[in-house]
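Report on the following structure.
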Number of protein chains: 2
Amino acid sequence: MAKELKELTKRSENYSQWYNDLVIKADLAESSAVRGCMVIKPYGYAIWEKMQRQLDDMFKETGHVNAYFPLLIPKSYLSREADHVEGFAKECAVVTHYRLKNAEDGSGVIVDPSAKLEEELIIRPTSETIIWSTYKNWIRSYRDLPILCNQWANVMRWEMRTRLFLRTAEFLWQEGHTAHATREEAESEARTMLDVYSEFAENFMAVPVVKGIKTPNERFAGALETYTIEALMQDGKALQSGTSHFLGQNFAKAFDVQFVNQNNELEYVWATSWGVSTRLMGALIMAHSDDNGLVLPPKLAPYQVVIVPIYKNDEQLNAINEKVADIIKELKALGVSVKYDNADNKRPGFKFAEYELKGVPVRLVMGGRDLENNTVEVMRRDTLQKETKSCDNIAEYVKQLLEDIQANIYQKALNYRSEHTIVVDTYEEFKEKIEEGGFILAHWDGTSETEEKIKEETKATIRCIPLEGDTTPGKCMVTGKPSERRVLFARAY
Amino acid sequence: MAKELKELTKRSENYSQWYNDLVIKADLAESSAVRGCMVIKPYGYAIWEKMQRQLDDMFKETGHVNAYFPLLIPKSYLSREADHVEGFAKECAVVTHYRLKNAEDGSGVIVDPSAKLEEELIIRPTSETIIWSTYKNWIRSYRDLPILCNQWANVMRWEMRTRLFLRTAEFLWQEGHTAHATREEAESEARTMLDVYSEFAENFMAVPVVKGIKTPNERFAGALETYTIEALMQDGKALQSGTSHFLGQNFAKAFDVQFVNQNNELEYVWATSWGVSTRLMGALIMAHSDDNGLVLPPKLAPYQVVIVPIYKNDEQLNAINEKVADIIKELKALGVSVKYDNADNKRPGFKFAEYELKGVPVRLVMGGRDLENNTVEVMRRDTLQKETKSCDNIAEYVKQLLEDIQANIYQKALNYRSEHTIVVDTYEEFKEKIEEGGFILAHWDGTSETEEKIKEETKATIRCIPLEGDTTPGKCMVTGKPSERRVLFARAY
């Protein structure tokens with residue numbers, strides 16, 4: 001039944017195809033007519049909205065406010081910070097003209113050559129430069145600090161190989177940009193936001209993450225230090241899920257942003273930036289879903305419960321409708337979101353497949369016999385287990401079940417990660433084990449040369465130098481030189 | 001005291017300058033380095049967020065869902081609907097290249113000529129074309145309809161004369177795009193959304209609006225009918241505050257979007273689109289504010305109450321802090337948002353001026369004598385009236401006061417509009433009265449020629465053909481030809 005709808009490629013056959021199928025068939029997103037840009041469909045966007053709302057609350061709890069800065073950045077601004085422009089120049093969408101006109105030969109609409117901009121404008125790949133050019137006017141003295149702004153925005157990086165959510169030319173994100181009077185305060189802010197991201201990933205997305213520091217090679221263009229959270233997907237590949245940057249005084253110097261400190265001296269301002277994007281959707285999808293479709297954590301599901309009636313005739317449907325109305329009322333009173341699907345143009349089996357595909361955490365089914373017995377069939381999406389429960393106190397039961405599911409999928413992902421995180425001491429073993437996927441903790445001599453050699457020979461990168469865990473020194477698996485501690489390797493998205 | 005902060009130009013001296021001063025000094029927005037693009041500052045953005053949240057709730061209550069479509073539109077798509085491209089071609093920001101590179105002469109970063117796009121991309125001025133090209137793949141049969149999508153997005157129209165919030169090259173907005181099986185359903189949708197906008201303007205912004213239909217001259221490019229809400233500002237000029245368009249089958253035809261209807265026949269899909277933008281911020285500011293600063297409706301104020309202590313020493317401050325903590329708790333329990341400003345680096349007078357400037361609806365002041373008497377001074381921003389109230393039940397009192405303020409500023413704006421809406425029968429009188437500003441109801445013969453003549457000679461436009469009010473026929477004030485009913489004229493932003 002409903003075979004076509006469910007026809008997902010199996011993960012074991014082709015993980016990459018499974019992901020693409022799932023994003024399309026679960027109505028999350030699709031490619032658009034513009035190369036590399038996606039359409040986020042209503043069901044996908046509803047999940048993103050839940051993420052946004054939660055993150056926004058967490059940003060506000062930590063003292064941040066939202067603002068909005070321009071989409072377009074003058075080319076000369078982007079060039080002010082040398083590393084920054086080096087990092088982004090190759091993927092910039094450039095606006096050169098501001099008007100179209102009718103072609104004189106009647107062939108259609110063309111770019112009006114007389115409407116050429118004096119200076120080209122770049123669609124923001126990130127907003128450090130336009131924001132720091134603005135902060136220059138906001139900051140005079142230490143009394144104006146800190147500035148703790150965030151913006152929710154679209155950005156554009158002209159990627160050559162794109163994948164829905166994971167890597168798209170245009171994506172949605174939030175970018176925090178903060179300004180501080182001291183180095184210590186800025187460093188502390190960068191770490192605080194890393195903690196916010198980690199808490200969000202683990203407690204809301206149910207995705208365990210490793211917090212750590214990026215090597216200089218993998219740092220954000222213009223940062224002194226990049227903090228990251230790294231998650232492990234079901235195919236054994238890592239996904240960088242959020243980054244927080246300590247920018248030092250680089251952008252303050254590039255845009256000449258100085259302030260009078262408490263000792264009445266002029267000093268450059270200290271900065272951070274931090275962001276997560278619609279890429280998190282990719283992490284969410286890949287961390288939990290199975291061959292039947294999405295598995296959504298209840299805290300981020302557009303609706304947590306779906307109720308499907310099975311009936312023989314209108315009379316029976318009316319009786320079920322009435323019974324279900326009470327259950328819906330009780331669920332809503334407990335803050336549980338619920339959809340009742342009594343549409344008559346689809347068979348129950350089709351609906352079951354659809355809601356499994358869409359990852360609705362709990363499904364309730366009520367049929368004629370349930371009506372007689374005052375029961376309802378409860379299925380949990382994470383394990384696909386079914387049971388028949390009394391309608392008495394069903395709302396409390398479901399609420400508790402949602403909490404169990406949230407905890408269970410986190411634990412499942414954590415178990416997967418534990419089983420796929422290994423310690424390796426020799427480069428030979430590393431090269432063998434990296435083929436199996438997963439995280440590898442190994443010693444590294446701290447040089448870019450060794451890091452690049454490993455990347456070239458194994459396609460593995462250093463995901464991060466973990467902030468927690470074993471800090472015993474050792475010897476680099478490649479060169480035998482001293483290593484301060486094991487670092488985290490993986491192949492990555 | 002705090003003279004500099006409050007130094008707003010008076011409305012009576014220079015209304016336009018007063019507006020600009022206010023937007024800047026109340027920290028709502030500022031111009032950016034990119035011509036015509038603004039930075040929305042945190043306080044301004046906080047108001048916009050409140051608007052967004054409320055509108056979004058109202059859209060969802062009326063069955064709409066959010067989605068996201070690409071920022072960039074292929075030039076050929078924009079050209080598909082003839083009126084549409086005619087309307088927007090002159091203000092399009094055009095992306096022609098996708099990479100920068102280092103200049104060979106070392107002079108800096110330049111556009112890489114080898115990275116020229118085959119087809120230029122336009123930054124969306126509105127999204128009908130990209131969305132209808134997408135809907136083509138979503139719609140097969142009447143069962144796929146209606147589609148009721150909205151998106152919150154930035155758009156770009158390269159305006160030559162810009163003003164903060166009122167007319168900027170980039171602005172933020174929402175755009176609803178719906179697809180329907182019948183003409184009737186689409187027309188009804190367009191009217192429903194006009195009602196949503198009107199309800200939002202009146203009940204949340206406290207701005208009375210006239211609902212009406214635009215003349216063909218003033219229609220959205222590509223629409224069969226444009227509905228509008230028109231508000232009157234304090235300088236007697238009209239501000240178009242939201243529009244809802246019945247698009248007929250124009251975009252369905254341009255993008256070949258057909259569906260199989262219930263009679264198993266192929267038919268083009270019927271469409272609407274509707275939007276409000278950050279321009280609403282301009283309406284909100286201009287409708288209520290005075291020479292002391294912003295006056296915000298309590299329902300959209302970032303915080304509704306500010307509390308300022310006046311104290312002689314730390315001991316007294318501590319006692320006030322303690323007392324205020326109780327009041328804050330009570331206010332929050334009633335859902336009232338409150339800020340307590342006991343910062344010691346600004347004098348009370350400075351704080352008073354600042355919160356007046358920022359339009360905080362209610363100010364509470366507690367000093368030493370209040371402490372003794374268990375009282376607090378209450379000031380309402382709309383009338384600047386002060387009174388001393390007992391701390392007992394102060395939260396309930398304030399909550400009621402906020403409702404009174406919301407109602408009062410609406411009534412004030414409504415009175416202003418009533419006093420500045422006149423009925424005129426001759427063109428001579430019209431030309432005289434239009435100089436005084438305000439709405440004028442007059443007869444018009446229904447032709448574009450007459451409409452354009454009036455516009456040229458008086459700078460007044462037909463704001464709308466009202467949906468309500470007097471429908472008595474008459475004779476055109478200019479040509480003497482028959483007129484179906486009086487229409488609404490004004491000079492406009």
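All residue names refer to the structure tokens as shown: chains lettered A, B, ... in order, residues numbered from 1 in each chain, ligands numbered from 1 in order.
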
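With only C-alpha atoms taken into account, the protein and nucleic acid residues at most 12 Å from Gly469 (chain A) (excluding it and anything under 2 positions from it in its own chain) are Val210, Lys211, Gly212, Leu441, Ile465, Pro466, Leu467, Thr471, Thr472, Arg485, Arg486, Val487 and Leu488 of chain A.
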
Print the selection's residues with N, CA, C and O atoms to a file, as a PDB file, in the first residue's frame.
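Below is the file selection_33.pdb, written as the result:
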ATOM      1  N   VAL A 210      30.416  17.289  19.591  1.00  0.00           N
ATOM      2  CA  VAL A 210      31.712  17.495  20.233  1.00  0.00           C
ATOM      3  C   VAL A 210      32.061  18.964  20.083  1.00  0.00           C
ATOM      4  O   VAL A 210      32.063  19.494  18.974  1.00  0.00           O
ATOM      5  N   LYS A 211      32.347  19.614  21.216  1.00  0.00           N
ATOM      6  CA  LYS A 211      32.763  21.012  21.175  1.00  0.00           C
ATOM      7  C   LYS A 211      34.279  21.073  21.051  1.00  0.00           C
ATOM      8  O   LYS A 211      34.979  20.336  21.759  1.00  0.00           O
ATOM      9  N   GLY A 212      34.754  21.941  20.201  1.00  0.00           N
ATOM     10  CA  GLY A 212      36.199  22.033  20.078  1.00  0.00           C
ATOM     11  C   GLY A 212      36.656  23.268  19.343  1.00  0.00           C
ATOM     12  O   GLY A 212      35.859  24.153  19.014  1.00  0.00           O
ATOM     13  N   LEU A 441      40.114   9.523  17.191  1.00  0.00           N
ATOM     14  CA  LEU A 441      40.936  10.352  18.065  1.00  0.00           C
ATOM     15  C   LEU A 441      42.382   9.906  17.903  1.00  0.00           C
ATOM     16  O   LEU A 441      42.711   8.748  18.161  1.00  0.00           O
ATOM     17  N   ILE A 465      39.990  20.324  17.820  1.00  0.00           N
ATOM     18  CA  ILE A 465      40.744  19.962  19.003  1.00  0.00           C
ATOM     19  C   ILE A 465      39.718  20.033  20.134  1.00  0.00           C
ATOM     20  O   ILE A 465      39.277  21.116  20.507  1.00  0.00           O
ATOM     21  N   PRO A 466      39.288  18.869  20.638  1.00  0.00           N
ATOM     22  CA  PRO A 466      38.156  18.881  21.584  1.00  0.00           C
ATOM     23  C   PRO A 466      38.454  19.710  22.838  1.00  0.00           C
ATOM     24  O   PRO A 466      39.598  19.759  23.318  1.00  0.00           O
ATOM     25  N   LEU A 467      37.417  20.349  23.343  1.00  0.00           N
ATOM     26  CA  LEU A 467      37.553  21.136  24.566  1.00  0.00           C
ATOM     27  C   LEU A 467      37.474  20.248  25.801  1.00  0.00           C
ATOM     28  O   LEU A 467      37.858  20.652  26.888  1.00  0.00           O
ATOM     29  N   THR A 471      43.293  14.468  27.770  1.00  0.00           N
ATOM     30  CA  THR A 471      44.278  15.472  27.356  1.00  0.00           C
ATOM     31  C   THR A 471      45.712  14.964  27.533  1.00  0.00           C
ATOM     32  O   THR A 471      46.651  15.751  27.645  1.00  0.00           O
ATOM     33  N   THR A 472      45.871  13.639  27.548  1.00  0.00           N
ATOM     34  CA  THR A 472      47.217  13.075  27.682  1.00  0.00           C
ATOM     35  C   THR A 472      48.041  13.382  26.434  1.00  0.00           C
ATOM     36  O   THR A 472      47.578  13.178  25.326  1.00  0.00           O
ATOM     37  N   ARG A 485      47.815  16.649  22.653  1.00  0.00           N
ATOM     38  CA  ARG A 485      46.652  15.833  23.011  1.00  0.00           C
ATOM     39  C   ARG A 485      46.072  15.253  21.726  1.00  0.00           C
ATOM     40  O   ARG A 485      46.381  15.686  20.638  1.00  0.00           O
ATOM     41  N   ARG A 486      45.211  14.251  21.875  1.00  0.00           N
ATOM     42  CA  ARG A 486      44.556  13.695  20.691  1.00  0.00           C
ATOM     43  C   ARG A 486      43.561  14.708  20.127  1.00  0.00           C
ATOM     44  O   ARG A 486      42.902  15.434  20.875  1.00  0.00           O
ATOM     45  N   VAL A 487      43.470  14.717  18.801  1.00  0.00           N
ATOM     46  CA  VAL A 487      42.484  15.581  18.152  1.00  0.00           C
ATOM     47  C   VAL A 487      41.493  14.695  17.397  1.00  0.00           C
ATOM     48  O   VAL A 487      41.726  13.501  17.205  1.00  0.00           O
ATOM     49  N   LEU A 488      40.388  15.320  16.978  1.00  0.00           N
ATOM     50  CA  LEU A 488      39.283  14.561  16.391  1.00  0.00           C
ATOM     51  C   LEU A 488      39.322  14.613  14.863  1.00  0.00           C
ATOM     52  O   LEU A 488      39.187  15.676  14.265  1.00  0.00           O
TER      53      LEU A 488
END

Next item on the list: Could you give me, as JSON, numbers by chain, the residues within 12 Å of Asn321 (chain A), counting only C-alpha atoms and dropping anything in the same chain fewer than 2 positions from it?
Entry: {"A": [307, 308, 309, 310, 311, 314, 315, 316, 317, 318, 319, 323, 324, 325, 326, 327, 328, 340, 341, 342, 343, 365, 366, 367, 368, 371]}

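Interface residues of chain A facing chain B, defined by any atom at most 6 Å away and using only C-alpha atoms, are Val39, Ile40, Lys41, Pro42, Tyr45, Asn66, Ala67, Tyr68, Phe69, Ala89, Lys90, Glu91, Cys92, Ala93, Val94, Val95, His97, Tyr98, Arg99 and Leu100 of chain A.
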
Serialized selection, C-alpha atoms, as a compact mmCIF listing (two decimals), in the first residue's frame:
# COMPACT_ATOMS: atom_id res chain seq x y z
CA VAL A 39 13.05 26.36 -2.30
CA ILE A 40 12.29 25.52 1.32
CA LYS A 41 8.82 23.99 1.26
CA PRO A 42 6.23 24.63 3.98
CA TYR A 45 10.21 25.67 6.74
CA ASN A 66 18.21 41.46 16.84
CA ALA A 67 18.95 44.03 14.15
CA TYR A 68 19.16 44.11 10.37
CA PHE A 69 22.06 45.16 8.14
CA ALA A 89 36.32 36.29 -3.09
CA LYS A 90 35.94 33.10 -5.08
CA GLU A 91 32.27 32.65 -4.28
CA CYS A 92 30.81 36.15 -4.45
CA ALA A 93 27.66 37.04 -6.37
CA VAL A 94 28.32 40.51 -7.80
CA VAL A 95 25.75 43.21 -8.58
CA HIS A 97 23.90 47.20 -12.72
CA TYR A 98 20.68 48.62 -11.35
CA ARG A 99 18.29 48.74 -14.29
CA LEU A 100 16.89 46.69 -17.16

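Residues in contact range of Lys433 (chain B), defined as at most 9 Å between only C-alpha atoms, with sequence neighbours fewer than 6 positions away removed, read Ile422, Val424 and Ile440 of chain B.
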
Note to self: For the structure I just gave you, how does DSSP split region 224-300 of chain A - specifically, which residues are alpha helix (DSSP H)? Reply as a VMD selection string.
What the structure shows: chain A and resid 250 to 254 279 to 288

Could those residues be written to a file, using N, CA, C and O atoms, as a compact mmCIF listing (two decimals), in the first residue's frame?
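Now in part-v1.txt:
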# COMPACT_ATOMS: atom_id res chain seq x y z
N ASN A 250 40.81 42.27 14.52
CA ASN A 250 41.02 42.32 13.07
C ASN A 250 40.05 43.24 12.34
O ASN A 250 40.45 44.05 11.52
N PHE A 251 38.76 43.07 12.64
CA PHE A 251 37.78 43.89 11.91
C PHE A 251 37.75 45.32 12.45
O PHE A 251 37.51 46.26 11.71
N ALA A 252 38.01 45.48 13.75
CA ALA A 252 38.09 46.83 14.31
C ALA A 252 39.23 47.59 13.64
O ALA A 252 39.10 48.78 13.31
N LYS A 253 40.34 46.90 13.40
CA LYS A 253 41.46 47.57 12.73
C LYS A 253 41.13 47.86 11.27
O LYS A 253 41.42 48.93 10.76
N ALA A 254 40.50 46.90 10.60
CA ALA A 254 40.16 47.08 9.18
C ALA A 254 39.21 48.27 8.99
O ALA A 254 39.29 48.96 7.98
N ARG A 279 21.77 24.61 7.29
CA ARG A 279 22.54 23.37 7.30
C ARG A 279 22.13 22.47 8.47
O ARG A 279 22.24 21.23 8.40
N LEU A 280 21.70 23.10 9.56
CA LEU A 280 21.23 22.32 10.72
C LEU A 280 20.10 21.38 10.32
O LEU A 280 19.91 20.32 10.92
N MET A 281 19.33 21.79 9.32
CA MET A 281 18.26 20.91 8.82
C MET A 281 18.86 19.61 8.31
O MET A 281 18.29 18.53 8.52
N GLY A 282 19.99 19.72 7.63
CA GLY A 282 20.67 18.53 7.13
C GLY A 282 21.10 17.62 8.28
O GLY A 282 20.93 16.40 8.23
N ALA A 283 21.65 18.22 9.33
CA ALA A 283 22.07 17.45 10.50
C ALA A 283 20.87 16.75 11.15
O ALA A 283 20.93 15.57 11.50
N LEU A 284 19.80 17.50 11.28
CA LEU A 284 18.59 16.96 11.91
C LEU A 284 18.07 15.75 11.13
O LEU A 284 17.70 14.72 11.71
N ILE A 285 18.02 15.91 9.81
CA ILE A 285 17.50 14.85 8.96
C ILE A 285 18.39 13.60 9.05
O ILE A 285 17.92 12.49 9.26
N MET A 286 19.71 13.82 8.91
CA MET A 286 20.62 12.69 8.80
C MET A 286 20.89 11.98 10.11
O MET A 286 21.22 10.80 10.13
N ALA A 287 20.75 12.70 11.21
CA ALA A 287 21.10 12.10 12.50
C ALA A 287 20.11 11.02 12.93
O ALA A 287 20.49 10.03 13.56
N HIS A 288 18.83 11.20 12.63
CA HIS A 288 17.82 10.34 13.23
C HIS A 288 17.00 9.49 12.24
O HIS A 288 16.42 8.49 12.65

Note to self: Would you pick out the contacts of Glu484 (chain A) at 9 Å or less, using only C-alpha atoms, so that residues sharing its chain but fewer than 6 positions from it are not included, and give the list as a ChimeraX atom specification?
What the structure shows: /A:443-446,471-475
